[in-house]
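See below for start13.cif, which holds mmCIF, C-alpha atoms and all ligand atoms.
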data_data
loop_
_atom_site.label_atom_id
_atom_site.label_comp_id
_atom_site.auth_asym_id
_atom_site.auth_seq_id
_atom_site.Cartn_x
_atom_site.Cartn_y
_atom_site.Cartn_z
CA MET F 1 165.84 79.27 -57.38
CA ALA F 2 166.31 75.78 -56.02
CA ASP F 3 164.83 75.43 -52.58
CA HIS F 4 165.84 72.15 -51.07
CA ASP F 5 163.34 72.50 -48.26
CA TYR F 6 160.72 71.31 -50.73
CA GLY F 7 160.74 68.47 -53.17
CA TYR F 8 163.85 66.66 -52.05
CA THR F 9 162.11 63.43 -53.07
CA THR F 10 160.96 62.92 -56.64
CA TRP F 11 157.47 62.29 -55.24
CA GLY F 12 157.42 65.68 -53.54
CA LYS F 13 159.08 67.46 -56.44
CA ASP F 14 156.01 66.89 -58.61
CA TRP F 15 154.12 69.29 -56.38
CA VAL F 16 156.90 71.87 -56.38
CA ARG F 17 156.58 71.84 -60.18
CA PHE F 18 152.97 72.98 -59.92
CA ALA F 19 154.30 76.13 -58.24
CA GLU F 20 157.51 76.48 -60.21
CA SER F 21 156.45 75.73 -63.73
CA LEU F 22 159.27 74.92 -66.11
CA ARG F 23 157.64 77.22 -68.64
CA GLN F 24 157.93 80.12 -66.24
CA THR F 25 160.40 82.56 -67.71
CA ARG F 26 160.07 85.52 -65.38
CA PRO F 27 160.62 85.29 -61.63
CA GLU F 28 157.41 85.05 -59.69
CA ARG F 29 157.29 87.31 -56.68
CA ARG F 30 154.66 85.22 -54.94
CA LEU F 31 156.83 82.14 -54.66
CA PRO F 32 158.99 83.26 -51.71
CA SER F 33 155.85 84.33 -49.85
CA ALA F 34 154.19 81.01 -50.61
CA ARG F 35 157.22 79.12 -49.33
CA ARG F 36 157.21 81.19 -46.15
CA LEU F 37 153.54 80.40 -45.56
CA ALA F 38 154.15 76.68 -45.95
CA ARG F 39 157.27 76.74 -43.84
CA GLY F 40 155.62 78.81 -41.13
CA GLY F 41 152.80 76.34 -40.60
CA LYS F 42 150.22 78.69 -42.12
CA VAL F 43 148.74 75.99 -44.32
CA GLN F 44 146.38 73.43 -42.79
CA THR F 45 145.76 70.64 -45.24
CA ALA F 46 143.16 67.89 -45.10
CA PHE F 47 142.53 65.06 -47.54
CA ASP F 48 139.27 63.51 -48.64
CA GLY F 49 139.92 60.99 -51.36
CA ARG F 50 141.33 62.91 -54.29
CA THR F 51 140.30 66.26 -52.86
CA VAL F 52 142.88 68.37 -51.07
CA ARG F 53 141.34 71.08 -48.94
CA ALA F 54 143.64 73.58 -47.29
CA VAL F 55 143.10 76.62 -45.12
CA VAL F 56 145.80 79.21 -45.69
CA HIS F 57 146.30 81.80 -42.97
CA HIS F 58 147.60 84.90 -44.70
CA GLY F 59 146.37 88.42 -44.19
CA ARG F 60 143.14 89.15 -42.39
CA SER F 61 140.94 86.29 -43.36
CA PRO F 62 141.91 82.68 -43.93
CA ARG F 63 141.44 81.41 -47.46
CA VAL F 64 140.29 77.99 -48.49
CA VAL F 65 142.04 76.28 -51.39
CA THR F 66 140.47 73.20 -52.95
CA VAL F 67 142.49 71.04 -55.30
CA GLU F 68 140.95 68.11 -57.14
CA VAL F 69 143.50 65.56 -58.26
CA ALA F 70 142.76 63.40 -61.28
CA PRO F 71 142.53 59.64 -60.73
CA MET F 72 145.74 57.80 -61.42
CA PRO F 73 145.59 56.04 -64.82
CA THR F 74 144.96 52.32 -64.42
CA GLY F 75 148.20 51.51 -66.23
CA THR F 76 150.16 53.50 -63.69
CA THR F 77 148.30 51.95 -60.78
CA ALA F 78 149.02 48.49 -62.14
CA GLU F 79 152.68 49.28 -62.74
CA ILE F 80 153.14 50.59 -59.20
CA SER F 81 151.28 47.72 -57.55
CA ARG F 82 153.30 45.23 -59.59
CA ARG F 83 156.54 46.76 -58.34
CA LEU F 84 155.32 47.09 -54.78
CA SER F 85 154.55 43.47 -54.27
CA GLY F 86 157.36 43.00 -51.77
CA ALA F 87 156.63 42.52 -48.10
CA ARG F 88 157.69 46.03 -47.12
CA PRO F 89 157.33 48.25 -50.17
CA LEU F 90 159.64 51.21 -50.25
CA LEU F 91 158.61 54.37 -52.07
CA THR F 92 162.04 55.49 -53.13
CA ASP F 93 163.23 57.87 -55.84
CA ASP F 94 164.56 54.82 -57.69
CA LEU F 95 161.12 53.26 -57.68
CA TYR F 96 159.66 56.50 -59.02
CA ARG F 97 162.16 56.52 -61.87
CA ALA F 98 161.56 52.86 -62.67
CA ILE F 99 157.82 53.47 -62.93
CA ALA F 100 158.39 56.52 -65.11
CA ASP F 101 160.90 54.66 -67.31
CA ALA F 102 158.31 51.91 -67.81
CA GLY F 103 156.11 54.56 -69.44
CA HIS F 104 153.87 55.28 -66.45
CA PRO F 105 155.09 58.47 -64.80
CA PRO F 106 153.31 58.70 -61.44
CA ALA F 107 153.19 62.51 -61.50
CA PRO F 108 149.78 63.82 -60.44
CA VAL F 109 147.44 65.73 -62.76
CA LEU F 110 145.19 68.40 -61.30
CA ASP F 111 141.55 68.41 -62.38
CA SER F 112 140.75 71.75 -60.79
CA VAL F 113 142.08 74.32 -58.36
CA ASP F 114 139.96 76.84 -56.53
CA CYS F 115 140.69 79.51 -53.93
CA SER F 116 138.22 81.52 -51.90
CA CYS F 117 140.26 84.71 -52.24
CA PRO F 118 139.08 87.48 -54.54
CA ALA F 119 142.33 87.58 -56.52
CA ALA F 120 141.37 87.79 -60.16
CA ALA F 121 144.59 86.17 -61.31
CA PRO F 122 145.07 82.44 -61.09
CA ARG F 123 148.03 81.11 -59.15
CA CYS F 124 147.37 83.24 -56.08
CA VAL F 125 149.82 82.99 -53.19
CA HIS F 126 147.43 80.66 -51.31
CA GLU F 127 147.36 78.16 -54.14
CA LEU F 128 151.15 78.23 -54.43
CA ALA F 129 151.51 77.79 -50.66
CA VAL F 130 149.39 74.65 -50.85
CA TYR F 131 151.67 73.16 -53.53
CA TYR F 132 154.68 73.71 -51.29
CA ASP F 133 152.87 72.31 -48.27
CA MET F 134 151.93 69.22 -50.28
CA ALA F 135 155.54 68.81 -51.42
CA ARG F 136 156.70 69.01 -47.81
CA ARG F 137 154.15 66.45 -46.64
CA ILE F 138 154.91 64.07 -49.49
CA ASP F 139 158.65 64.35 -48.87
CA ASP F 140 157.88 63.19 -45.33
CA ASP F 141 155.44 60.50 -46.41
CA PRO F 142 155.38 59.60 -50.14
CA ARG F 143 152.28 57.46 -49.61
CA ILE F 144 150.32 60.73 -49.78
CA ALA F 145 151.42 61.14 -53.41
CA LEU F 146 149.65 57.90 -54.24
CA ASP F 147 146.72 58.40 -51.91
CA VAL F 148 145.62 61.75 -53.39
CA GLN F 149 145.50 60.09 -56.81
CA GLY F 150 143.16 57.41 -55.50
CA PHE F 151 145.75 54.64 -55.57
CA PHE F 152 144.61 52.96 -52.35
CA ARG F 153 140.94 53.74 -53.00
CA THR F 154 141.13 51.93 -56.30
CA ALA F 155 142.12 48.82 -54.41
CA THR F 156 139.13 49.19 -52.10
CA ALA F 157 136.71 49.86 -54.94
CA GLY F 158 137.95 46.81 -56.79
CA SER F 159 137.36 44.58 -53.80
CA SER F 160 133.88 45.89 -53.05
CA GLN F 161 132.64 45.07 -56.55
CA GLY F 162 132.31 41.33 -56.34
CA SER F 163 131.11 41.14 -59.93
CA ALA F 164 134.20 42.84 -61.34
CA GLU F 165 136.23 39.70 -61.32
CA ALA F 166 138.82 40.85 -63.80
CA SER F 167 139.25 44.06 -61.89
CA ALA F 168 139.55 42.24 -58.60
CA HIS F 169 142.19 40.04 -60.13
CA ARG F 170 144.10 43.02 -61.38
CA TRP F 171 144.20 44.58 -57.94
CA ILE F 172 145.08 41.46 -56.04
CA ALA F 173 148.56 42.76 -55.33
CA LEU F 174 147.02 45.93 -53.95
CA HIS F 175 144.75 44.05 -51.59
CA ALA F 176 147.80 42.46 -50.10
CA LEU F 177 149.28 45.86 -49.42
CA ASP F 178 148.50 47.59 -46.20
CA PRO F 179 149.20 51.30 -46.74
CA ALA F 180 150.41 51.52 -43.15
CA ALA F 181 153.04 48.90 -43.85
CA TYR F 182 154.89 50.98 -46.42
CA PHE F 183 158.41 51.98 -45.70
CA THR F 184 158.47 55.60 -46.66
CA THR F 185 161.96 56.62 -45.69
CA PRO F 186 165.05 54.63 -46.50
CA GLU F 187 166.86 54.11 -43.23
ZN ZN F 201 143.93 82.74 -53.04
#

Could you spell out this file's structure in structure tokens?
Amino acid sequence: MADHDYGYTTWGKDWVRFAESLRQTRPERRLPSARRLARGGKVQTAFDGRTVRAVVHHGRSPRVVTVEVAPMPTGTTAEISRRLSGARPLLTDDLYRAIADAGHPPAPVLDSVDCSCPAAAPRCVHELAVYYDMARRIDDDPRIALDVQGFFRTATAGSSQGSAEASAHRWIALHALDPAAYFTTPE
């Protein structure tokens, strides 16, 4: 069952879990197809804040999958920013575990998932393909795992509200962080 093409980082693995639920007892026939779609470049994913919009090319007409990711809890955001205060923050598996051990698991929560296909059943192959594609992207660049939960946006929002002094203070470490400066792969 293990497919090491996806979720080889703990950050990416969270998205594999959306496809391969631990509660799943029977094998799901759609999963190999979904993995093939993601691997074959059939999933085009775009991000807009906490909205993931993906076009999945499968069959005759492309399908559009929209995933809304819940905002990261403030406690988790604070915990991550506290630990990322170094000059070149590194989003490693160890960091993930440290954040989780501190009681703030950074795993995403999905607010809603929608697909344009007429499949009556939830968890259509398009939706599953998007989870694998997200895992692949996040393995390559774990910043995405934070970005789709609004981690970097929270920093921006805090700074634009001049009146929210306490909030601005809380996010001071975030302001100092340039998302582009993150080390994402240990080399
Ligand atoms: Zn679908």

Selection as a ChimeraX atom specification: residues within 6 Å of ligand ZN 201 (chain F) by only C-alpha atoms and all ligand atoms: /F:115-117,124-127

Up to 10 Å from (155.6, 60.4, -48.2) in the file's coordinates: name the residues, counting all atoms listed in the file, as a compact mmCIF listing (two decimals) with C-alpha atoms, in the frame of the given file.
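Final output, selection_0.txt:
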# COMPACT_ATOMS: atom_id res chain seq x y z
CA THR F 9 162.11 63.43 -53.07
CA TRP F 11 157.47 62.29 -55.24
CA GLY F 12 157.42 65.68 -53.54
CA LEU F 91 158.61 54.37 -52.07
CA THR F 92 162.04 55.49 -53.13
CA MET F 134 151.93 69.22 -50.28
CA ALA F 135 155.54 68.81 -51.42
CA ARG F 136 156.70 69.01 -47.81
CA ARG F 137 154.15 66.45 -46.64
CA ILE F 138 154.91 64.07 -49.49
CA ASP F 139 158.65 64.35 -48.87
CA ASP F 140 157.88 63.19 -45.33
CA ASP F 141 155.44 60.50 -46.41
CA PRO F 142 155.38 59.60 -50.14
CA ARG F 143 152.28 57.46 -49.61
CA ILE F 144 150.32 60.73 -49.78
CA ALA F 145 151.42 61.14 -53.41
CA LEU F 146 149.65 57.90 -54.24
CA ASP F 147 146.72 58.40 -51.91
CA TYR F 182 154.89 50.98 -46.42
CA PHE F 183 158.41 51.98 -45.70
CA THR F 184 158.47 55.60 -46.66
CA THR F 185 161.96 56.62 -45.69

Nearest to Tyr96 (chain F) by atom-to-atom distance, counting only C-alpha atoms, from F:Arg36, F:His57, F:Lys13, F:Lys42: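 Residue with the minimum atom-to-atom distance to Tyr96 (chain F): F:Lys13.
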
Within 7 Å of Val56 (chain F) using only C-alpha atoms, minus same-chain residues under 4 positions, as a ChimeraX atom specification: /F:42-44,62-64,126

Residue contacts of region 17-27 of chain F (8 Å, only C-alpha atoms) excluding same-chain residues fewer than 6 positions away, as a ChimeraX atom specification: /F:128,131-132

Residue among F:Asp5, F:Arg60, F:Val109, F:Arg83 lying closest to Gly150 (chain F), counting all atoms listed in the file: F:Val109

Ref. answer, residues at most 12 Å from (138.3, 69.9, -61.3) with only C-alpha atoms, as a list in words: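 Protein and nucleic acid residues near the point are Arg50, Thr51, Val52, Thr66, Val67, Glu68, Val69, Ala70, Pro71, Val109, Leu110, Asp111, Ser112, Val113 and Asp114 of chain F.
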
Once you have the residues from the selection above, write them out as a CSV table (one decimal), in the frame of the given file, restricted to C-alpha atoms.
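File written: again_13.csv
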chain,number,residue,atom,x,y,z
F,50,ARG,CA,141.3,62.9,-54.3
F,51,THR,CA,140.3,66.3,-52.9
F,52,VAL,CA,142.9,68.4,-51.1
F,66,THR,CA,140.5,73.2,-53.0
F,67,VAL,CA,142.5,71.0,-55.3
F,68,GLU,CA,141.0,68.1,-57.1
F,69,VAL,CA,143.5,65.6,-58.3
F,70,ALA,CA,142.8,63.4,-61.3
F,71,PRO,CA,142.5,59.6,-60.7
F,109,VAL,CA,147.4,65.7,-62.8
F,110,LEU,CA,145.2,68.4,-61.3
F,111,ASP,CA,141.6,68.4,-62.4
F,112,SER,CA,140.8,71.8,-60.8
F,113,VAL,CA,142.1,74.3,-58.4
F,114,ASP,CA,140.0,76.8,-56.5

For CA of Arg35 (chain F) and CA of Pro122 (chain F), the interatomic separation in Å (one decimal):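 Separating CA of Arg35 (chain F) from CA of Pro122 (chain F) is a distance of 17.2 Å.
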
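Reported to one decimal place, the separation of CA of Leu95 (chain F) from CA of Gly7 (chain F) is 15.9 Å.
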
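Residue nearest Glu79 (chain F) within the list F:Ala102, F:Ala54, F:Val65, F:Thr10: F:Ala102 [criterion: smallest interatomic distance, all atoms listed in the file].
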
Please put the answer as lines of an AutoDock Vina configuration file: centre and edge lengths, in Å with one decimal, of a box along x, y and z that encloses all listed atoms of region 67-74 of chain F plus 4 Å on each side.
center_x = 143.3
center_y = 61.7
center_z = -60.1
size_x = 12.8
size_y = 26.7
size_z = 17.5

Separation of CA of Phe152 (chain F) from CA of Thr76 (chain F) in Å: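 Taking CA of Thr76 (chain F) as the start and CA of Phe152 (chain F) as the end point, the length is 12.6 Å.
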
From F:Leu84, F:Leu31, F:Ala38, F:Ile99, residue lying nearest Val130 (chain F) [all atoms listed in the file]: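 Between F:Leu84, F:Leu31, F:Ala38, F:Ile99, the residue approaching Val130 (chain F) most closely is F:Ala38.
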